[in-house]
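Colleague: Dropping in data-v5.txt, which is compact mmCIF, C-alpha atoms:
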# COMPACT_ATOMS: atom_id res chain seq x y z
CA MET A 1 -30.41 13.75 -36.12
CA ILE A 2 -27.71 13.39 -33.49
CA SER A 3 -27.79 9.98 -31.88
CA LEU A 4 -27.22 8.99 -28.28
CA THR A 5 -24.09 7.12 -29.34
CA SER A 6 -22.34 10.25 -30.59
CA TYR A 7 -22.91 12.02 -27.28
CA ALA A 8 -21.69 8.88 -25.49
CA PHE A 9 -18.60 8.91 -27.71
CA VAL A 10 -17.79 12.55 -26.88
CA SER A 11 -18.28 12.10 -23.15
CA MET A 12 -16.27 8.88 -23.06
CA MET A 13 -13.49 10.61 -25.02
CA LEU A 14 -13.41 13.42 -22.46
CA PHE A 15 -13.37 10.92 -19.59
CA SER A 16 -10.61 8.81 -21.17
CA LEU A 17 -8.46 11.84 -21.96
CA GLY A 18 -8.84 12.81 -18.30
CA VAL A 19 -7.71 9.36 -17.16
CA ILE A 20 -4.77 9.48 -19.60
CA GLY A 21 -3.80 12.89 -18.23
CA VAL A 22 -3.81 11.57 -14.66
CA VAL A 23 -1.74 8.53 -15.69
CA ALA A 24 0.75 10.24 -17.99
CA ARG A 25 1.53 13.67 -16.56
CA ARG A 26 3.50 14.61 -13.47
CA ASN A 27 2.51 18.27 -13.23
CA VAL A 28 -0.01 18.65 -10.38
CA PHE A 29 -1.92 21.38 -12.20
CA VAL A 30 -2.40 19.17 -15.24
CA ILE A 31 -3.50 16.29 -13.00
CA TYR A 32 -6.09 18.55 -11.37
CA MET A 33 -7.35 19.73 -14.75
CA SER A 34 -7.56 16.11 -15.89
CA ILE A 35 -9.79 15.35 -12.91
CA GLU A 36 -11.99 18.28 -13.93
CA MET A 37 -12.08 16.87 -17.45
CA MET A 38 -13.26 13.49 -16.13
CA LEU A 39 -16.01 15.24 -14.16
CA ASN A 40 -16.99 17.07 -17.34
CA GLY A 41 -17.27 13.86 -19.31
CA VAL A 42 -19.50 12.30 -16.66
CA ASN A 43 -21.59 15.49 -16.53
CA LEU A 44 -22.13 15.35 -20.27
CA PHE A 45 -23.21 11.72 -20.02
CA LEU A 46 -25.66 12.56 -17.23
CA VAL A 47 -27.18 15.45 -19.16
CA THR A 48 -27.48 13.29 -22.28
CA PHE A 49 -29.46 10.72 -20.35
CA ALA A 50 -31.55 13.45 -18.74
CA ARG A 51 -32.61 14.50 -22.24
CA TYR A 52 -32.99 10.87 -23.34
CA HIS A 53 -35.40 9.95 -20.54
CA PHE A 54 -36.88 13.46 -20.34
CA ASN A 55 -36.22 13.43 -16.59
CA MET A 56 -34.58 16.26 -14.69
CA ASP A 57 -32.90 14.35 -11.84
CA PRO A 58 -29.57 13.87 -13.69
CA GLN A 59 -29.34 17.61 -14.21
CA ILE A 60 -29.69 18.11 -10.45
CA ILE A 61 -26.88 15.59 -9.92
CA THR A 62 -24.79 17.57 -12.40
CA ILE A 63 -25.35 20.75 -10.39
CA MET A 64 -24.17 18.89 -7.28
CA VAL A 65 -21.06 17.68 -9.13
CA ILE A 66 -20.25 21.23 -10.23
CA ALA A 67 -20.65 22.50 -6.65
CA ILE A 68 -18.34 19.76 -5.35
CA ALA A 69 -15.80 20.64 -8.07
CA ALA A 70 -15.88 24.27 -6.94
CA ALA A 71 -15.23 23.27 -3.31
CA GLU A 72 -12.44 20.96 -4.50
CA ALA A 73 -10.83 23.77 -6.50
CA ALA A 74 -10.62 26.03 -3.43
CA ILE A 75 -8.99 23.37 -1.23
CA PHE A 76 -6.69 22.06 -3.97
CA LEU A 77 -5.33 25.46 -4.92
CA SER A 78 -4.56 26.45 -1.33
CA VAL A 79 -2.75 23.16 -0.73
CA ILE A 80 -0.79 23.62 -3.97
CA ILE A 81 0.24 27.15 -3.04
CA LEU A 82 1.55 25.94 0.32
CA LEU A 83 3.41 23.01 -1.22
CA TYR A 84 4.87 25.11 -4.04
CA ARG A 85 6.11 27.74 -1.61
CA SER A 86 7.95 25.19 0.49
CA ARG A 87 9.21 22.85 -2.27
CA LYS A 88 9.53 25.07 -5.40
CA SER A 89 8.32 22.18 -7.50
CA LEU A 90 5.18 21.16 -9.34
CA ASP A 91 6.03 17.47 -9.51
CA SER A 92 3.31 15.22 -8.14
CA ASP A 93 5.96 13.69 -5.87
CA ILE A 94 5.62 16.71 -3.57
CA PHE A 95 2.52 15.07 -2.18
CA THR A 96 4.65 12.39 -0.55
CA SER A 97 5.70 15.02 1.98
CA LEU A 98 2.10 15.02 3.22
CA SER A 99 2.54 11.49 4.49
CA GLN A 100 6.21 11.51 5.47
CA GLY A 101 6.34 14.62 7.59
CA GLU A 102 8.78 17.40 6.93
CA LYS A 103 11.75 15.34 5.86
CA SER A 104 11.85 14.18 2.25
CA MET B 1 -27.32 22.76 -39.09
CA ILE B 2 -27.59 21.34 -35.57
CA ASP B 3 -25.43 18.42 -36.69
CA LEU B 4 -22.70 20.80 -37.85
CA ILE B 5 -22.80 22.66 -34.53
CA PHE B 6 -22.60 19.36 -32.67
CA ILE B 7 -19.61 18.18 -34.70
CA GLY B 8 -17.79 21.49 -34.23
CA LEU B 9 -18.41 21.62 -30.50
CA SER B 10 -17.37 18.01 -29.92
CA LEU B 11 -14.22 18.47 -32.01
CA LEU B 12 -13.32 21.55 -29.97
CA ALA B 13 -14.01 19.70 -26.71
CA ILE B 14 -11.81 16.74 -27.64
CA LEU B 15 -9.04 18.89 -29.12
CA GLY B 16 -8.98 21.01 -25.96
CA ALA B 17 -8.56 17.88 -23.85
CA VAL B 18 -5.76 16.65 -26.15
CA ALA B 19 -4.04 20.04 -25.87
CA MET B 20 -4.26 19.75 -22.08
CA ILE B 21 -2.34 16.46 -22.17
CA VAL B 22 0.23 17.33 -24.82
CA TYR B 23 1.49 20.79 -23.84
CA ALA B 24 4.25 20.90 -21.22
CA ASN B 25 3.45 24.45 -20.09
CA PRO B 26 0.49 24.38 -17.67
CA MET B 27 -0.73 27.74 -18.99
CA TYR B 28 -1.44 26.29 -22.44
CA SER B 29 -3.03 23.25 -20.78
CA ALA B 30 -5.36 25.53 -18.82
CA LEU B 31 -6.38 27.36 -21.99
CA GLY B 32 -7.12 24.02 -23.68
CA VAL B 33 -9.29 23.02 -20.73
CA LEU B 34 -11.07 26.36 -20.95
CA ILE B 35 -11.93 25.74 -24.62
CA SER B 36 -13.09 22.24 -23.76
CA MET B 37 -15.36 23.45 -20.93
CA LEU B 38 -16.95 26.12 -23.12
CA SER B 39 -17.67 23.55 -25.83
CA VAL B 40 -19.20 21.21 -23.26
CA ALA B 41 -21.41 24.14 -22.23
CA GLY B 42 -22.52 24.40 -25.86
CA LEU B 43 -23.31 20.68 -25.89
CA PHE B 44 -25.44 21.21 -22.75
CA ALA B 45 -27.36 23.88 -24.65
CA LEU B 46 -27.92 21.43 -27.52
CA LEU B 47 -29.27 18.93 -24.99
CA ASN B 48 -31.90 21.41 -23.78
CA ALA B 49 -30.20 22.00 -20.39
CA THR B 50 -30.44 25.79 -20.37
CA PHE B 51 -29.65 26.30 -16.72
CA LEU B 52 -26.69 23.94 -16.79
CA PHE B 53 -25.35 25.79 -19.83
CA LEU B 54 -25.28 28.97 -17.75
CA VAL B 55 -23.85 27.21 -14.70
CA GLN B 56 -21.12 25.55 -16.74
CA ILE B 57 -20.01 28.86 -18.21
CA ILE B 58 -20.23 30.82 -14.96
CA VAL B 59 -18.82 28.26 -12.53
CA TYR B 60 -16.42 26.17 -14.61
CA ALA B 61 -15.14 28.57 -17.23
CA GLY B 62 -15.69 31.73 -15.23
CA ALA B 63 -14.69 30.72 -11.72
CA ILE B 64 -12.66 27.51 -11.56
CA MET B 65 -10.52 27.88 -14.68
CA THR B 66 -9.98 31.59 -14.08
CA LEU B 67 -8.87 30.76 -10.55
CA ILE B 68 -6.41 28.20 -11.91
CA LEU B 69 -5.04 30.67 -14.48
CA PHE B 70 -4.75 33.28 -11.74
CA ILE B 71 -2.84 30.90 -9.48
CA LEU B 72 -0.56 29.88 -12.37
CA MET B 73 0.32 33.51 -13.00
CA PHE B 74 0.60 34.21 -9.27
CA LEU B 75 3.11 31.40 -8.70
CA ASN B 76 5.26 32.70 -11.58
CA ILE B 77 6.35 29.23 -12.65
CA LYS B 78 9.60 29.10 -14.58
CA GLU B 79 10.62 26.61 -17.20
CA GLU B 80 13.08 24.85 -14.86
CA ASP B 81 10.48 24.43 -12.12
CA LEU B 82 8.33 22.24 -14.33
CA PRO B 83 8.69 18.52 -13.63
CA LYS B 84 10.66 16.49 -16.14
CA GLU B 85 8.46 14.11 -18.09
CA PRO B 86 10.72 11.98 -20.27
CA LYS B 87 8.25 9.09 -20.57
CA LYS B 88 5.19 11.18 -21.33
CA PHE B 89 4.15 9.68 -24.64
CA GLN B 90 4.87 6.14 -23.44
CA ASN B 91 2.59 6.76 -20.45
CA ILE B 92 -0.06 8.23 -22.72
CA ALA B 93 0.04 4.99 -24.73
CA ILE B 94 -0.37 2.99 -21.51
CA GLY B 95 -3.35 5.11 -20.48
CA ALA B 96 -4.95 4.72 -23.89
CA ALA B 97 -4.46 0.96 -23.70
CA ILE B 98 -6.26 1.00 -20.34
CA MET B 99 -9.17 3.11 -21.56
CA ILE B 100 -9.90 1.70 -25.03
CA PRO B 101 -11.63 -1.52 -23.80
CA LEU B 102 -13.83 0.49 -21.40
CA ASN B 103 -14.74 2.90 -24.19
CA TYR B 104 -15.60 0.02 -26.49
CA LEU B 105 -17.76 -1.62 -23.80
CA ILE B 106 -19.72 1.51 -22.96
CA ILE B 107 -20.25 2.69 -26.53
CA SER B 108 -21.40 -0.74 -27.70
CA ALA B 109 -23.77 -0.93 -24.71
CA VAL B 110 -25.19 2.55 -25.36
CA SER B 111 -25.63 1.92 -29.11
CA LYS B 112 -28.00 -0.97 -28.32
CA LEU B 113 -30.45 1.35 -26.54
CA PRO B 114 -33.60 2.28 -28.48
CA LYS B 115 -33.21 5.38 -30.67
CA LYS B 116 -34.91 8.56 -29.50
CA ASP B 117 -35.01 12.10 -30.75
CA LEU B 118 -32.50 14.24 -28.82
CA ASN B 119 -33.22 17.57 -30.49
CA ILE B 120 -34.06 20.83 -28.78
CA THR B 121 -37.68 20.93 -27.63
CA ASN B 122 -40.02 23.81 -26.99
CA THR B 123 -40.99 22.75 -23.46
CA ASP B 124 -39.53 24.27 -20.30
CA PHE B 125 -37.39 21.16 -19.75
CA GLY B 126 -34.12 22.15 -18.09
CA ASP B 127 -35.22 25.70 -17.42
CA ILE B 128 -34.46 27.42 -14.13
CA LYS B 129 -37.93 27.17 -12.63
CA PRO B 130 -38.56 23.41 -13.09
CA ILE B 131 -35.03 22.66 -11.92
CA GLY B 132 -35.55 24.77 -8.81
CA ILE B 133 -38.84 23.05 -8.04
CA GLN B 134 -37.22 19.64 -8.53
CA LEU B 135 -34.22 20.67 -6.39
CA PHE B 136 -36.29 21.83 -3.44
CA ASP B 137 -38.86 19.04 -3.68
CA ASN B 138 -36.76 15.93 -4.04
CA TRP B 139 -33.15 16.90 -3.38
CA LEU B 140 -33.41 19.17 -0.35
CA VAL B 141 -31.09 17.16 1.94
CA ALA B 142 -28.40 16.94 -0.73
CA PHE B 143 -28.72 20.66 -1.35
CA GLU B 144 -28.22 21.48 2.33
CA LEU B 145 -25.27 19.11 2.56
CA ILE B 146 -23.68 20.81 -0.47
CA SER B 147 -24.04 24.17 1.24
CA ILE B 148 -22.31 22.80 4.35
CA LEU B 149 -19.55 21.36 2.13
CA LEU B 150 -18.98 24.74 0.49
CA LEU B 151 -18.81 26.42 3.90
CA ILE B 152 -16.24 23.86 5.07
CA ALA B 153 -14.19 24.39 1.89
CA LEU B 154 -14.26 28.13 2.50
CA ILE B 155 -13.07 27.78 6.10
CA GLY B 156 -10.49 25.18 5.10
CA SER B 157 -8.94 27.30 2.38
CA VAL B 158 -8.75 30.32 4.67
CA VAL B 159 -7.05 28.22 7.37
CA LEU B 160 -4.62 26.71 4.84
CA ALA B 161 -3.73 30.03 3.25
CA LYS B 162 -3.00 31.66 6.60
CA LYS B 163 0.65 32.59 7.00
CA ARG B 164 2.67 30.26 9.18
CA LYS B 165 6.03 31.92 8.76
CA SER B 166 8.25 29.89 11.07
CA LYS B 167 7.27 26.49 9.70
CA ILE B 168 7.61 27.41 6.04
CA HIS B 169 10.94 29.09 6.72
CA ASN B 170 12.31 25.97 8.48
CA GLN B 171 11.19 23.76 5.63
CA GLY B 172 12.93 26.01 3.15
CA GLU B 173 16.18 25.64 5.08
CA GLN B 174 15.98 21.88 5.26
CA SER B 175 15.26 21.20 1.61
Let me see the structure of the file written as structure tokens.
Modeller:
Amino acid sequence: MISLTSYAFVSMMLFSLGVIGVVARRNVFVIYMSIEMMLNGVNLFLVTFARYHFNMDPQIITIMVIAIAAAEAAIFLSVIILLYRSRKSLDSDIFTSLSQGEKS
Amino acid sequence: MIDLIFIGLSLLAILGAVAMIVYANPMYSALGVLISMLSVAGLFALLNATFLFLVQIIVYAGAIMTLILFILMFLNIKEEDLPKEPKKFQNIAIGAAIMIPLNYLIISAVSKLPKKDLNITNTDFGDIKPIGIQLFDNWLVAFELISILLLIALIGSVVLAKKRKSKIHNQGEQS
């Protein structure tokens, strides 16, 4: 029998690896995928507790999270395309140009 | 049998996430994330969330990650365009040092909860119909707000992707 703790371990591992990716990497694509990974870990936790309490509300919240992630992907990728075209770089420092105008 | 499937899927999920962090090329990172998302979909199926299993495969693996792979190929990123990351493993150690206490706290808290059977049941729990009834009974406002959010994201990405030749050209000259 698979216990609740093992599911909690897997989802916390996914969440922590996402946080580590955001902290350690400079590539904006990897940072975005790390955020997706954190969302995935939280989703897994929510679905585990939905099964644990035999209640379907957490699954609805998970659907909402997935919809928000899809909206986020559309906006993020268009911003990245614009920034990459003007800067020719994938460093996360390119986002400073959003706050400092066109000089950088 | 179910235990073996669980162990395999969780190993694949964690190894995919590790591959995402370790590889320097974003293409390999995206493939690692793809593996991880598919294994999480399998874990959803083990947790009796049939509809979420489908949604995870269709939306995450099918739409979002494919879009990212498509953009990565479209941008045609070269080796010298990738950011230099000399302190990567040192930063990974810092991140792990941040996250280990939180992991310990949450797992020790969860392990004190009463044990329950988490196996697959024969009821219609997590099927499409009960989820739809739940969604339209109790979560109608959130559902409508999500649809507005998706519409705004659609409009926003079209506006952002529109060609603004003069501005981009000037920026290219300055930098």
Colleague: Kindly indicate which residue among A:Tyr32, A:Ser97, A:Val65, A:Leu14 lies nearest to chain B, using only C-alpha atoms for the distances.
Modeller: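 Ranked by minimum distance to chain B, first place goes to A:Leu14.
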Colleague: One number please: CA of Ala49 (chain B) to CA of Pro114 (chain B), in Å, one decimal.
Modeller: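 Distance between the two atoms: 21.6 Å.
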Colleague: Would you kindly return, as a list in words, each protein, DNA or RNA residue with an atom no farther than 8 Å from any atom of Met37 (chain A), considering all atoms listed in the file and excluding same-chain residues fewer than 5 positions away?
Modeller: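 Residues meeting the cut-off are Leu14, Phe15, Leu17 and Gly18 of chain A; Ala17 and Val33 of chain B.
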Colleague: Write the residues you've just listed into a file as a CSV table (one decimal), keeping the file's coordinate frame, and include C-alpha atoms for each of them.
Modeller:
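The resulting file, again_5.csv, is shown below:
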chain,number,residue,atom,x,y,z
A,14,LEU,CA,-13.4,13.4,-22.5
A,15,PHE,CA,-13.4,10.9,-19.6
A,17,LEU,CA,-8.5,11.8,-22.0
A,18,GLY,CA,-8.8,12.8,-18.3
B,17,ALA,CA,-8.6,17.9,-23.8
B,33,VAL,CA,-9.3,23.0,-20.7
Colleague: Can you pull out every residue within 7 Å of region 58-61 of chain A, counting only C-alpha atoms, but drop anything in the same chain fewer than 4 positions away, and send it as an MDAnalysis selection string?
Modeller: (chainID A and resid 46:47 50 65) or (chainID B and resid 135)
Colleague: Selection from above, C-alpha atoms, as a tab-separated table (two decimals), in the frame of the given file, can you write it?
Modeller:
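Contents of out12.tsv, as written:
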chain	number	residue	atom	x	y	z
A	46	LEU	CA	-25.66	12.56	-17.23
A	47	VAL	CA	-27.18	15.45	-19.16
A	50	ALA	CA	-31.55	13.45	-18.74
A	65	VAL	CA	-21.06	17.68	-9.13
B	135	LEU	CA	-34.22	20.67	-6.39
Colleague: Which residue, A:Ile20, A:Ile94, A:Ile31, A:Ala69, has the smallest gap to chain B when you use all atoms listed in the file?
Modeller: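 Among A:Ile20, A:Ile94, A:Ile31, A:Ala69, it is A:Ile20 that comes nearest to chain B.
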Colleague: Go ahead and find all residues with at least one atom no further than 10 Å from (-4.0, 27.5, -10.6) in the file's coordinates, using only C-alpha atoms; report them as a list in words.
Modeller: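 Collected hits near the coordinates: Val28, Phe29, Val30, Tyr32, Met33, Ala73, Ala74, Phe76, Leu77, Ser78, Ile80 and Ile81 of chain A; Pro26, Met27, Ala30, Ile64, Met65, Thr66, Leu67, Ile68, Leu69, Phe70, Ile71, Leu72, Met73, Phe74 and Leu75 of chain B.
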Colleague: Report the distance between CA of Asn103 (chain B) and CA of Glu36 (chain A) in Å, rounded to one decimal place.
Modeller: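 It comes out at 18.7 Å.
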Colleague: To one decimal place in Å, what is the distance between CA of Ile5 (chain B) and CA of Leu47 (chain B)?
Modeller: 12.1 Å
Colleague: Can you pull out the residues contacting Ser108 (chain B)? Cut-off 10 Å, using all atoms listed in the file, and skip same-chain residues under 6 positions away; I want them as a PDB file with C-alpha atoms, keeping the file's coordinate frame.
Modeller:
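Listed below is the output, result_22.pdb:
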ATOM      1  CA  THR A   5     -24.090   7.120 -29.340  1.00  0.00           C
ATOM      2  CA  ALA A   8     -21.690   8.880 -25.490  1.00  0.00           C
TER       3      ALA A   8
ATOM      4  CA  LEU B 102     -13.830   0.490 -21.400  1.00  0.00           C
TER       5      LEU B 102
END
Colleague: List as a list in words the protein and nucleic acid residues near region 57-61 of chain B, meaning an atom at most 7 Å away when all atoms listed in the file are counted, but skip any in the same chain fewer than 5 places from it.
Modeller: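 Counting all atoms listed in the file, the residues come to Leu34, Met37, Leu38, Ala41 and Thr66 of chain B.
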Colleague: Fewer than 2 positions away in the same chain doesn't count, so skip those; otherwise give me all residues within 10 Å of Arg25 (chain A), counting only C-alpha atoms, as a PDB file with C-alpha atoms, in the coordinates of the input.
Modeller:
ATOM      1  CA  ILE A  20      -4.770   9.480 -19.600  1.00  0.00           C
ATOM      2  CA  GLY A  21      -3.800  12.890 -18.230  1.00  0.00           C
ATOM      3  CA  VAL A  22      -3.810  11.570 -14.660  1.00  0.00           C
ATOM      4  CA  VAL A  23      -1.740   8.530 -15.690  1.00  0.00           C
ATOM      5  CA  ASN A  27       2.510  18.270 -13.230  1.00  0.00           C
ATOM      6  CA  VAL A  28      -0.010  18.650 -10.380  1.00  0.00           C
ATOM      7  CA  PHE A  29      -1.920  21.380 -12.200  1.00  0.00           C
ATOM      8  CA  VAL A  30      -2.400  19.170 -15.240  1.00  0.00           C
ATOM      9  CA  ILE A  31      -3.500  16.290 -13.000  1.00  0.00           C
ATOM     10  CA  SER A  34      -7.560  16.110 -15.890  1.00  0.00           C
ATOM     11  CA  ASP A  91       6.030  17.470  -9.510  1.00  0.00           C
ATOM     12  CA  SER A  92       3.310  15.220  -8.140  1.00  0.00           C
TER      13      SER A  92
ATOM     14  CA  ILE B  21      -2.340  16.460 -22.170  1.00  0.00           C
ATOM     15  CA  VAL B  22       0.230  17.330 -24.820  1.00  0.00           C
ATOM     16  CA  ALA B  24       4.250  20.900 -21.220  1.00  0.00           C
ATOM     17  CA  PRO B  83       8.690  18.520 -13.630  1.00  0.00           C
ATOM     18  CA  LYS B  84      10.660  16.490 -16.140  1.00  0.00           C
ATOM     19  CA  GLU B  85       8.460  14.110 -18.090  1.00  0.00           C
ATOM     20  CA  LYS B  87       8.250   9.090 -20.570  1.00  0.00           C
ATOM     21  CA  LYS B  88       5.190  11.180 -21.330  1.00  0.00           C
ATOM     22  CA  PHE B  89       4.150   9.680 -24.640  1.00  0.00           C
ATOM     23  CA  ASN B  91       2.590   6.760 -20.450  1.00  0.00           C
ATOM     24  CA  ILE B  92      -0.060   8.230 -22.720  1.00  0.00           C
TER      25      ILE B  92
END
Colleague: Taking only C-alpha atoms into account, which of A:Tyr84, A:Phe54, A:Phe45, A:Phe95 comes nearest Val10 (chain A)?
Modeller: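 So, comparing all the options, the nearest one is A:Phe45.
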Colleague: Could you check which of B:Ala153, B:Leu9, B:Val159, B:Ala45 is closest to chain A, using all atoms listed in the file?
Modeller: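 Nearest to chain A: B:Ala153.
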